[in-house]
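Working notes, beginning with the structure itself.
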Amino acid sequence: MPSVTPAAAAGRGAAPPGDPALRFTFCGLDFASPIVLLSGCVGFGEEYTRIEGFSNRDAGAIVLKGTTGQARLGNAPHRVYETPAGMLNAIGLQNPGVEQVVRTVLPQLNFSETRFIANVCGSTLEEYVEVTRRFDASPIDAIEINISCPNIKEGGVAFGNYPEMSAQVVAACRRVTKKPLITKLSPNQTDIRENARRCIEAGSDALAVINTVMGMAIDVATRRPVIGNVQGGLSGPAIKPIALLKVHQVYEVAAPHRIPIIGQGGIVSATDALEFLIAGASAVGVGTALFYDPLICKRINEGIAAHLREQGMRNVTELVGTLRTGREIEDCALSG
């Protein structure tokens, strides 16, 4: 196993610089900002560093591209398509495989800039375990489990759409790693609350809510699907109302267990981020917005910090889960 290079080892355990009001602890890790750059949107952590003015330090954490046991070429084109207020994608988990990521990608990352989170994918339970075990023996800070992958042994049914399957994946990964485990929940299921509960019981340290919503687009001239895979994941502002509701629902399940949430889905401004924090997210995921505004993180950070000052709050954690639904008034009346 290769040793960790100075670049990967530098600054381990120290919080990156940033506005003190935005710093907090997530699963035992110091985050300099509540912003998390989402898997698939920033490659393996180096993609946006080529853009003048962009800095990994503006994010509390970066989730690396989805990684499988062996290399994958991904789906046939078209794989990305812009839709009204959103984007469809069906990349197909193109990646060089976990061994290549651990041996050649991770040593090039500067862990003093931000936290780096691996995204584990698999088509079988055994593959999830294999990839998780390999990342456990690496310098990665935490591991996100993408349970939206299709289970080939069950005819292509997504692990994340069934609570029992989701829990099995989490429990299996939990047994082979001591690193923080974040489970990425799918909105394409009957009851996200039940799935969240089962994942928490199976050992998940945090939850990411939500993954993309499945959709499609059609070329009317050819009468064929635009996306080569027929269907793809819809992201962007179009799914924000769905994501907000799911975060609120999951927070009701997660809060009693002190399980933090990364809220994601259509965040393109500080106001969007604030809504997710109020709904119950401890951190907020930014993804699609980066494609047309790579410097958006700095403005979101500034906007959150300004709002905290206006509200007389000293830290972003004071805002988490402060949604007023009217139920708190009813509870007070019932308690006398």
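Residues are named by chain letter and number: chains run A, B, ... in the order of the structure tokens, numbers start at 1 in each chain, and ligands are numbered from 1 in the order shown.
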
Check which residues of region 157-235 of chain A sit at most 12 Å from region 286-306 of chain A using only C-alpha atoms, and return one row each with the closest pair of atoms and their distance in Å to one decimal, ordered by chain and rising number, as a Markdown table.
```
| residue | atom | partner | partner_atom | distance |
| --- | --- | --- | --- | --- |
| A:Ala208 | CA | A:Val286 | CA | 11.9 |
| A:Ile210 | CA | A:Val286 | CA | 11.7 |
| A:Asn211 | CA | A:Gly287 | CA | 11.1 |
| A:Thr212 | CA | A:Thr288 | CA | 10.8 |
| A:Gly233 | CA | A:Thr288 | CA | 11.6 |
| A:Leu234 | CA | A:Thr288 | CA | 9.9 |
| A:Ser235 | CA | A:Thr288 | CA | 6.6 |
```

Task: Contacts of Gly232 (chain A) within 8 Å, only C-alpha atoms, excl. fewer than 2 positions in-chain, as number ranges by chain - done: A: 88-90, 214-216, 227, 229-230, 234

TODO: Mind checking which residues fall within 12 Å of Arg309 (chain A), counting only C-alpha atoms, ignoring those fewer than 5 positions away in the same chain, and posting them as number ranges by chain?
DONE: A: 19-22, 302-304, 314-316, 318-319

Create the file for the chosen residues now, containing N, CA, C and O atoms and written as a JSON list (two decimals), in the first residue's frame.
```json
[["chain", "number", "residue", "atom", "x", "y", "z"],
["A", 19, "ASP", "N", -14.49, 31.99, 7.81],
["A", 19, "ASP", "CA", -15.28, 32.78, 8.74],
["A", 19, "ASP", "C", -15.63, 31.93, 9.95],
["A", 19, "ASP", "O", -16.25, 30.86, 9.80],
["A", 20, "PRO", "N", -15.28, 32.35, 11.16],
["A", 20, "PRO", "CA", -15.58, 31.55, 12.36],
["A", 20, "PRO", "C", -17.06, 31.20, 12.50],
["A", 20, "PRO", "O", -17.41, 30.15, 13.05],
["A", 21, "ALA", "N", -17.93, 32.06, 11.99],
["A", 21, "ALA", "CA", -19.37, 31.81, 12.09],
["A", 21, "ALA", "C", -19.81, 30.62, 11.25],
["A", 21, "ALA", "O", -20.87, 30.04, 11.49],
["A", 22, "LEU", "N", -18.99, 30.26, 10.26],
["A", 22, "LEU", "CA", -19.35, 29.17, 9.37],
["A", 22, "LEU", "C", -18.69, 27.85, 9.75],
["A", 22, "LEU", "O", -19.00, 26.81, 9.19],
["A", 302, "GLU", "N", -20.65, 34.08, 1.94],
["A", 302, "GLU", "CA", -20.83, 35.46, 2.37],
["A", 302, "GLU", "C", -22.28, 35.74, 2.73],
["A", 302, "GLU", "O", -22.58, 36.44, 3.72],
["A", 303, "GLY", "N", -23.21, 35.19, 1.95],
["A", 303, "GLY", "CA", -24.62, 35.40, 2.22],
["A", 303, "GLY", "C", -25.08, 34.76, 3.51],
["A", 303, "GLY", "O", -25.87, 35.33, 4.26],
["A", 304, "ILE", "N", -24.60, 33.53, 3.77],
["A", 304, "ILE", "CA", -24.97, 32.85, 5.02],
["A", 304, "ILE", "C", -24.42, 33.63, 6.22],
["A", 304, "ILE", "O", -25.13, 33.85, 7.21],
["A", 314, "ARG", "N", -24.22, 33.57, 16.35],
["A", 314, "ARG", "CA", -22.76, 33.53, 16.33],
["A", 314, "ARG", "C", -22.22, 32.40, 15.45],
["A", 314, "ARG", "O", -21.08, 32.45, 15.02],
["A", 315, "ASN", "N", -23.05, 31.38, 15.22],
["A", 315, "ASN", "CA", -22.57, 30.22, 14.44],
["A", 315, "ASN", "C", -23.70, 29.62, 13.63],
["A", 315, "ASN", "O", -24.86, 29.66, 14.04],
["A", 316, "VAL", "N", -23.35, 29.04, 12.50],
["A", 316, "VAL", "CA", -24.33, 28.47, 11.58],
["A", 316, "VAL", "C", -25.13, 27.34, 12.21],
["A", 316, "VAL", "O", -26.29, 27.09, 11.83],
["A", 318, "GLU", "N", -26.61, 27.31, 14.93],
["A", 318, "GLU", "CA", -27.79, 27.85, 15.62],
["A", 318, "GLU", "C", -29.01, 27.90, 14.71],
["A", 318, "GLU", "O", -30.15, 28.00, 15.20],
["A", 319, "LEU", "N", -28.79, 27.86, 13.40],
["A", 319, "LEU", "CA", -29.88, 27.98, 12.44],
["A", 319, "LEU", "C", -30.49, 26.62, 12.07],
["A", 319, "LEU", "O", -31.63, 26.55, 11.61]]
```

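Minimum atom-to-atom distance to Val213 (chain A), evaluated using only C-alpha atoms, belongs to A:Met87 out of A:Ala137, A:Ala118, A:Ala59, A:Met87.
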
Open item on the list: Considering only alpha helix (DSSP H) as DSSP defines it on the backbone, what residues of region 75-235 of chain A qualify? List them as a ChimeraX atom specification.
Closed with: /A:98-100,125-136,163-174,192-202

Residue selection dump (N, CA and C atoms) as a short mmCIF file (atom, residue, chain, number, x, y, z; two decimals), in the first residue's frame:
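Below is the file out05.cif, written as the result:
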```cif
data_model
loop_
_atom_site.label_atom_id
_atom_site.label_comp_id
_atom_site.auth_asym_id
_atom_site.auth_seq_id
_atom_site.Cartn_x
_atom_site.Cartn_y
_atom_site.Cartn_z
N VAL A 98 -11.39 1.80 -7.89
CA VAL A 98 -10.94 2.25 -6.57
C VAL A 98 -9.43 2.18 -6.39
N GLU A 99 -8.79 1.15 -6.92
CA GLU A 99 -7.35 1.03 -6.73
C GLU A 99 -6.60 2.19 -7.37
N GLN A 100 -7.04 2.58 -8.56
CA GLN A 100 -6.42 3.70 -9.25
C GLN A 100 -6.67 5.01 -8.50
N LEU A 125 -23.58 -6.23 -3.18
CA LEU A 125 -23.19 -5.94 -1.80
C LEU A 125 -21.69 -6.13 -1.62
N GLU A 126 -21.17 -7.16 -2.26
CA GLU A 126 -19.74 -7.45 -2.15
C GLU A 126 -18.88 -6.33 -2.72
N GLU A 127 -19.35 -5.68 -3.79
CA GLU A 127 -18.58 -4.59 -4.37
C GLU A 127 -18.56 -3.38 -3.45
N TYR A 128 -19.69 -3.06 -2.84
CA TYR A 128 -19.72 -1.97 -1.86
C TYR A 128 -18.70 -2.20 -0.75
N VAL A 129 -18.66 -3.43 -0.26
CA VAL A 129 -17.74 -3.77 0.82
C VAL A 129 -16.29 -3.65 0.36
N GLU A 130 -16.01 -4.14 -0.82
CA GLU A 130 -14.65 -4.10 -1.37
C GLU A 130 -14.15 -2.66 -1.49
N VAL A 131 -14.98 -1.80 -2.06
CA VAL A 131 -14.58 -0.40 -2.28
C VAL A 131 -14.45 0.33 -0.94
N THR A 132 -15.38 0.09 -0.03
CA THR A 132 -15.32 0.74 1.29
C THR A 132 -14.07 0.31 2.04
N ARG A 133 -13.76 -0.97 2.01
CA ARG A 133 -12.57 -1.46 2.71
C ARG A 133 -11.30 -0.81 2.15
N ARG A 134 -11.25 -0.62 0.85
CA ARG A 134 -10.06 -0.02 0.25
C ARG A 134 -9.93 1.45 0.66
N PHE A 135 -11.04 2.16 0.69
CA PHE A 135 -10.98 3.56 1.11
C PHE A 135 -10.69 3.69 2.61
N ASP A 136 -11.08 2.70 3.39
CA ASP A 136 -10.79 2.73 4.82
C ASP A 136 -9.28 2.74 5.06
N PRO A 163 -35.89 0.04 1.91
CA PRO A 163 -35.22 0.20 3.20
C PRO A 163 -34.38 -1.01 3.62
N GLU A 164 -34.87 -2.21 3.39
CA GLU A 164 -34.14 -3.40 3.80
C GLU A 164 -32.82 -3.52 3.03
N MET A 165 -32.85 -3.28 1.71
CA MET A 165 -31.63 -3.32 0.91
C MET A 165 -30.66 -2.22 1.35
N SER A 166 -31.19 -1.03 1.58
CA SER A 166 -30.36 0.10 2.01
C SER A 166 -29.64 -0.24 3.30
N ALA A 167 -30.38 -0.78 4.26
CA ALA A 167 -29.80 -1.13 5.56
C ALA A 167 -28.73 -2.20 5.43
N GLN A 168 -28.94 -3.15 4.53
CA GLN A 168 -27.94 -4.21 4.33
C GLN A 168 -26.62 -3.63 3.83
N VAL A 169 -26.71 -2.68 2.89
CA VAL A 169 -25.50 -2.06 2.36
C VAL A 169 -24.77 -1.29 3.45
N VAL A 170 -25.51 -0.49 4.21
CA VAL A 170 -24.90 0.31 5.27
C VAL A 170 -24.25 -0.58 6.31
N ALA A 171 -24.96 -1.62 6.75
CA ALA A 171 -24.42 -2.51 7.78
C ALA A 171 -23.15 -3.21 7.30
N ALA A 172 -23.15 -3.64 6.04
CA ALA A 172 -21.98 -4.32 5.50
C ALA A 172 -20.78 -3.39 5.41
N CYS A 173 -21.01 -2.15 4.98
CA CYS A 173 -19.92 -1.17 4.90
C CYS A 173 -19.44 -0.76 6.28
N ARG A 174 -20.38 -0.68 7.22
CA ARG A 174 -20.02 -0.29 8.59
C ARG A 174 -19.03 -1.27 9.20
N ILE A 192 -39.14 7.91 2.54
CA ILE A 192 -37.74 8.23 2.82
C ILE A 192 -37.46 8.24 4.31
N ARG A 193 -38.49 8.49 5.12
CA ARG A 193 -38.30 8.48 6.58
C ARG A 193 -37.90 7.08 7.06
N GLU A 194 -38.62 6.07 6.57
CA GLU A 194 -38.34 4.70 6.97
C GLU A 194 -36.95 4.28 6.52
N ASN A 195 -36.57 4.69 5.31
CA ASN A 195 -35.25 4.36 4.81
C ASN A 195 -34.18 5.01 5.68
N ALA A 196 -34.39 6.27 6.04
CA ALA A 196 -33.44 6.98 6.90
C ALA A 196 -33.31 6.27 8.25
N ARG A 197 -34.43 5.87 8.82
CA ARG A 197 -34.42 5.20 10.12
C ARG A 197 -33.62 3.90 10.05
N ARG A 198 -33.84 3.12 8.99
CA ARG A 198 -33.15 1.85 8.86
C ARG A 198 -31.65 2.06 8.67
N CYS A 199 -31.27 3.07 7.90
CA CYS A 199 -29.85 3.36 7.67
C CYS A 199 -29.16 3.81 8.95
N ILE A 200 -29.86 4.59 9.75
CA ILE A 200 -29.30 5.03 11.04
C ILE A 200 -29.09 3.83 11.95
N GLU A 201 -30.08 2.95 12.01
CA GLU A 201 -29.96 1.75 12.84
C GLU A 201 -28.83 0.83 12.36
N ALA A 202 -28.56 0.85 11.05
CA ALA A 202 -27.52 0.00 10.49
C ALA A 202 -26.12 0.57 10.69
#
```

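Rounded to one decimal, CA of Ala254 (chain A) and CA of Asn151 (chain A) lie 26.1 Å from each other.
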
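Each of A:Val253, A:Ile147, A:Ala85, A:Val268 was compared to Ala238 (chain A) using only C-alpha atoms, and A:Ala85 turns out to be the nearest.
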
Open item on the list: Considering only C-alpha atoms, can you say which of A:Ala71, A:Ile182, A:Cys121, A:Ala283 comes closest to Asn95 (chain A)?
Closed with: A:Ala71

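For region 12-63 of chain A, backbone-based DSSP assignment of strand (DSSP E) covers Phe24, Thr25, Phe26, Leu29, Asp30, Phe31, Ile35, Val36, Leu37, Ala61, Ile62 and Val63 of chain A.
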
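If only C-alpha atoms are the atoms counted, then among A:Pro139, A:Gly263, A:Pro150, A:Gly86 the closest residue to Leu185 (chain A) is A:Gly263.
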
Task: Length of the CA of Lys246 (chain A) to CA of Asn119 (chain A) vector [Å] - done: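 Going from CA of Lys246 (chain A) over to CA of Asn119 (chain A), I get 21.0 Å.
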
Open item on the list: Rounded to one decimal, what separation in Å do you get between CA of Thr114 (chain A) and CA of Ile267 (chain A)?
Closed with: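 Interatomic distance here is 20.2 Å.
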
Open item on the list: Just want the 8 Å neighbourhood of Ile117 (chain A), counted on only C-alpha atoms, with same-chain residues fewer than 6 positions away dropped. Output as a list of chain:residue names.
Closed with: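 The residues satisfying every condition are A:Ala61, A:Ile62, A:Val63, A:Leu64, A:Ile140, A:Asp141, A:Ala142, A:Ile143, A:Glu144.
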
Export of the given selection (C-alpha atoms) as a PDB file, in the first residue's frame:
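This went into part.pdb:
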```pdb
ATOM      1  CA  ALA A  61     -15.845  19.255   2.087  1.00  0.00           C
ATOM      2  CA  ILE A  62     -15.633  17.859  -1.427  1.00  0.00           C
ATOM      3  CA  VAL A  63     -17.226  14.559  -2.404  1.00  0.00           C
ATOM      4  CA  LEU A  64     -15.177  12.785  -5.054  1.00  0.00           C
ATOM      5  CA  ILE A 140      -9.812   9.915   2.794  1.00  0.00           C
ATOM      6  CA  ASP A 141     -11.718  11.779   5.535  1.00  0.00           C
ATOM      7  CA  ALA A 142     -15.125  10.099   5.213  1.00  0.00           C
ATOM      8  CA  ILE A 143     -17.089   7.754   2.968  1.00  0.00           C
ATOM      9  CA  GLU A 144     -20.411   8.439   1.270  1.00  0.00           C
TER      10      GLU A 144
END
```
